[in-house]
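One structure below.
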Amino acid sequence: MKMQPKNTLVMPSFNQAAFLEEAICSVLAQNYPRLEFILIDGGSSDGSAGIIQQYASHLHYWHSRPDAGQADALQQGFAMGSGELMGWLNSDDVLLPGAIERIVQAYHANPNGGLFAGNLVWIDQQGKIVRCKRHPSQAPLFIRHGVFAVAQPGSFFTPQDYASVGGLNVSLRYVMDADLYIRMLAQGTRYIHVDAWLSGFRLQHASKTVSESAQF
C-alpha cells in the first residue's frame with residue numbers, strides 16, 4: 001500500500017467571517033490523515049479570529065496579524081509547509097467532498113506530475129450552485145493561445161515546481177494564481193487534469209473577483 005503524501009493547504013483570509021467557518025469545515029471534512037492545514041489571517045476585525053480559535057486544534061499553524069495582502073499571506077504559509085503537495089483555498093471558497101483524495105489518486109498515478117487541478121462549481125453567497133465549470137485537460141495548449149484554463153480552488157502542486165519559478169509574485173494584488181501557474185507550465189511543469197468536481201468558487205460582493213473585476 002502506498003504511503004499517503006503529506007498535503008499542505010494554506011488558507012489566506014481577511015474579514016471573511018461570513019464564510020470562514022464553512023471554508024474551514026470543508027477542509028476538515030476531507031478527513032485526510034496527512035493534512036498540514038495552515039491559516040493566515042491578515043488581522044481581521046470582524047470576529048474571524050474567534051472562529052479560527054474554535055478550530056485551532058485542527059490547524060498546523062495559524063495567526064491573525066496584518067500582512068501585505070493575499071500573496072504575502074500565501075507565501076508566509078507555504079514557507080512553513082512541508083508537504084509533498086501544496087495548495088491553497090481562499091476563505092470564501094470550499095472544497096467539495098473527496099477533493100483531496102482525488103488529487104492524491106492523480107498524484108500516485110502520475111508521479112512525474114507537478115500541477116494537479118480539476119473542475120469547479122460556482123456558488124452564491126448561500127452556497128447554492130449556480131454554474132458548473134469543467135476545465136480542459138490540455139491547459140498548457142490553451143495557455144499558449146492566451147486562455148488561462150486551470151482552476152485554482154482545489155489545485156495542488158509540488159514544492160519543487162513551485163520553487164522552480166520563484167513562487168508567487170507578492171507584488172500582485174490580482175491574478176497571482178494565473179501568473180504562478182502560467183510560469184510553472186511555461187518552464188515545463190507537467191499538468192495533470194483531474195476530471196472531478198473539486199471545489200466551490202464563491203461569487204460574493206466583497207470578493208476581488210466580483211467587486212474589482214475590471215482591474216483583473
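Ordering of the C-alpha cells sets the chain letters (A, B, ...), residue numbers begin anew at 1 in every chain, and ligands are numbered from 1 in the order given.
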
Within 8 Å of Arg202 (chain A) using only C-alpha atoms, minus same-chain residues under 5 positions, as a VMD selection string: chain A and resid 92 to 94 122 to 125 127

Those same residues, written as a PDB file, in the first residue's frame with all heavy atoms?
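So the final result, stored in result_12.pdb, reads:
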```
ATOM      1  N   ASP A  92     -13.407  32.175   1.361  1.00  0.00           N
ATOM      2  CA  ASP A  92     -14.822  32.219   0.987  1.00  0.00           C
ATOM      3  C   ASP A  92     -15.177  31.109   0.006  1.00  0.00           C
ATOM      4  O   ASP A  92     -16.322  31.021  -0.445  1.00  0.00           O
ATOM      5  CB  ASP A  92     -15.213  33.587   0.413  1.00  0.00           C
ATOM      6  CG  ASP A  92     -14.338  34.036  -0.742  1.00  0.00           C
ATOM      7  OD1 ASP A  92     -13.314  33.370  -1.024  1.00  0.00           O
ATOM      8  OD2 ASP A  92     -14.673  35.062  -1.375  1.00  0.00           O
ATOM      9  N   ASP A  93     -14.210  30.252  -0.324  1.00  0.00           N
ATOM     10  CA  ASP A  93     -14.451  29.109  -1.200  1.00  0.00           C
ATOM     11  C   ASP A  93     -14.560  27.838  -0.365  1.00  0.00           C
ATOM     12  O   ASP A  93     -14.349  27.851   0.852  1.00  0.00           O
ATOM     13  CB  ASP A  93     -13.323  28.973  -2.227  1.00  0.00           C
ATOM     14  CG  ASP A  93     -13.246  30.156  -3.178  1.00  0.00           C
ATOM     15  OD1 ASP A  93     -14.280  30.814  -3.394  1.00  0.00           O
ATOM     16  OD2 ASP A  93     -12.144  30.428  -3.700  1.00  0.00           O
ATOM     17  N   VAL A  94     -14.858  26.716  -1.014  1.00  0.00           N
ATOM     18  CA  VAL A  94     -14.969  25.443  -0.300  1.00  0.00           C
ATOM     19  C   VAL A  94     -14.348  24.325  -1.135  1.00  0.00           C
ATOM     20  O   VAL A  94     -14.319  24.403  -2.369  1.00  0.00           O
ATOM     21  CB  VAL A  94     -16.435  25.068   0.016  1.00  0.00           C
ATOM     22  CG1 VAL A  94     -17.057  26.072   0.975  1.00  0.00           C
ATOM     23  CG2 VAL A  94     -17.268  24.936  -1.255  1.00  0.00           C
ATOM     24  N   TRP A 122     -19.491  27.080  -9.352  1.00  0.00           N
ATOM     25  CA  TRP A 122     -19.639  28.422  -8.800  1.00  0.00           C
ATOM     26  C   TRP A 122     -20.809  28.387  -7.834  1.00  0.00           C
ATOM     27  O   TRP A 122     -21.870  27.838  -8.146  1.00  0.00           O
ATOM     28  CB  TRP A 122     -19.893  29.435  -9.908  1.00  0.00           C
ATOM     29  CG  TRP A 122     -18.701  29.666 -10.793  1.00  0.00           C
ATOM     30  CD1 TRP A 122     -17.473  29.089 -10.698  1.00  0.00           C
ATOM     31  CD2 TRP A 122     -18.641  30.550 -11.921  1.00  0.00           C
ATOM     32  NE1 TRP A 122     -16.645  29.548 -11.692  1.00  0.00           N
ATOM     33  CE2 TRP A 122     -17.324  30.442 -12.455  1.00  0.00           C
ATOM     34  CE3 TRP A 122     -19.550  31.411 -12.521  1.00  0.00           C
ATOM     35  CZ2 TRP A 122     -16.910  31.178 -13.569  1.00  0.00           C
ATOM     36  CZ3 TRP A 122     -19.130  32.139 -13.632  1.00  0.00           C
ATOM     37  CH2 TRP A 122     -17.831  32.025 -14.148  1.00  0.00           C
ATOM     38  N   ILE A 123     -20.616  28.976  -6.652  1.00  0.00           N
ATOM     39  CA  ILE A 123     -21.672  29.003  -5.650  1.00  0.00           C
ATOM     40  C   ILE A 123     -21.993  30.450  -5.283  1.00  0.00           C
ATOM     41  O   ILE A 123     -21.150  31.339  -5.403  1.00  0.00           O
ATOM     42  CB  ILE A 123     -21.283  28.201  -4.387  1.00  0.00           C
ATOM     43  CG1 ILE A 123     -19.991  28.745  -3.766  1.00  0.00           C
ATOM     44  CG2 ILE A 123     -21.143  26.722  -4.712  1.00  0.00           C
ATOM     45  CD1 ILE A 123     -19.599  28.053  -2.460  1.00  0.00           C
ATOM     46  N   ASP A 124     -23.228  30.669  -4.846  1.00  0.00           N
ATOM     47  CA  ASP A 124     -23.612  32.021  -4.451  1.00  0.00           C
ATOM     48  C   ASP A 124     -23.320  32.227  -2.967  1.00  0.00           C
ATOM     49  O   ASP A 124     -22.712  31.375  -2.305  1.00  0.00           O
ATOM     50  CB  ASP A 124     -25.068  32.305  -4.801  1.00  0.00           C
ATOM     51  CG  ASP A 124     -26.057  31.422  -4.053  1.00  0.00           C
ATOM     52  OD1 ASP A 124     -25.671  30.761  -3.054  1.00  0.00           O
ATOM     53  OD2 ASP A 124     -27.238  31.383  -4.447  1.00  0.00           O
ATOM     54  N   GLN A 125     -23.762  33.343  -2.425  1.00  0.00           N
ATOM     55  CA  GLN A 125     -23.453  33.671  -1.036  1.00  0.00           C
ATOM     56  C   GLN A 125     -24.023  32.656  -0.053  1.00  0.00           C
ATOM     57  O   GLN A 125     -23.492  32.464   1.038  1.00  0.00           O
ATOM     58  CB  GLN A 125     -23.951  35.080  -0.701  1.00  0.00           C
ATOM     59  CG  GLN A 125     -23.229  36.168  -1.473  1.00  0.00           C
ATOM     60  CD  GLN A 125     -23.425  37.541  -0.863  1.00  0.00           C
ATOM     61  OE1 GLN A 125     -22.518  38.342  -0.841  1.00  0.00           O
ATOM     62  NE2 GLN A 125     -24.618  37.808  -0.337  1.00  0.00           N
ATOM     63  N   GLY A 127     -24.252  29.458  -0.733  1.00  0.00           N
ATOM     64  CA  GLY A 127     -23.667  28.154  -1.016  1.00  0.00           C
ATOM     65  C   GLY A 127     -24.406  27.359  -2.071  1.00  0.00           C
ATOM     66  O   GLY A 127     -24.080  26.192  -2.317  1.00  0.00           O
TER      67      GLY A 127
END
```

DSSP strand (DSSP E) selection over region 33-175 of chain A, as a ChimeraX atom specification: /A:35-41,61-64,85-88,94-95,115-123,129-133,156-157

Helix (DSSP H, G or I) positions in region 4-200 of chain A, given as a count of residues only: 67

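Between Gln30 (chain A) and the residues A:Asn7, A:Ser137, A:Asn112, A:Gln126, the shortest atom-to-atom distance, using only C-alpha atoms, involves A:Asn7.
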
Coordinates-based distance that separates CA of Gly167 (chain A) from CA of Ser44 (chain A) (Å, one decimal):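 Interatomic distance, CA of Ser44 (chain A) to CA of Gly167 (chain A): 25.2 Å.
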
Distance query region 194-196 of chain A at most 6 Å, only C-alpha atoms, self and fewer than 3 positions along chain excluded, as a PyMOL selection string: chain A and resi 117-119

Two-atom distance - CA of Tyr107 (chain A), CA of Ala79 (chain A) (Å):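 Between CA of Tyr107 (chain A) and CA of Ala79 (chain A) the gap works out to 21.8 Å.
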
Pick from A:Pro66, A:Gly113, A:Pro159, A:Gly87, whichever lies nearest to Glu36 (chain A) using only C-alpha atoms: A:Gly87

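Proximity of A:Gly188, A:Gly200, A:Pro153, A:Pro97 to Gly114 (chain A), computed with only C-alpha atoms, is greatest for A:Gly188.
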
Nearest to Phe78 (chain A), chosen from A:Val10, A:Leu39, A:Leu185, A:Leu172, with only C-alpha atoms counted in the distances: A:Val10

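If you look at CA of Leu28 (chain A) and CA of Arg102 (chain A), they are 15.4 Å away from each other.
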
Closest of A:Ile100, A:Ala71, A:Leu20, A:Ala109 to Phe156 (chain A) - atom-to-atom distances counting only C-alpha atoms: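 Nearest to Phe156 (chain A): A:Ile100.
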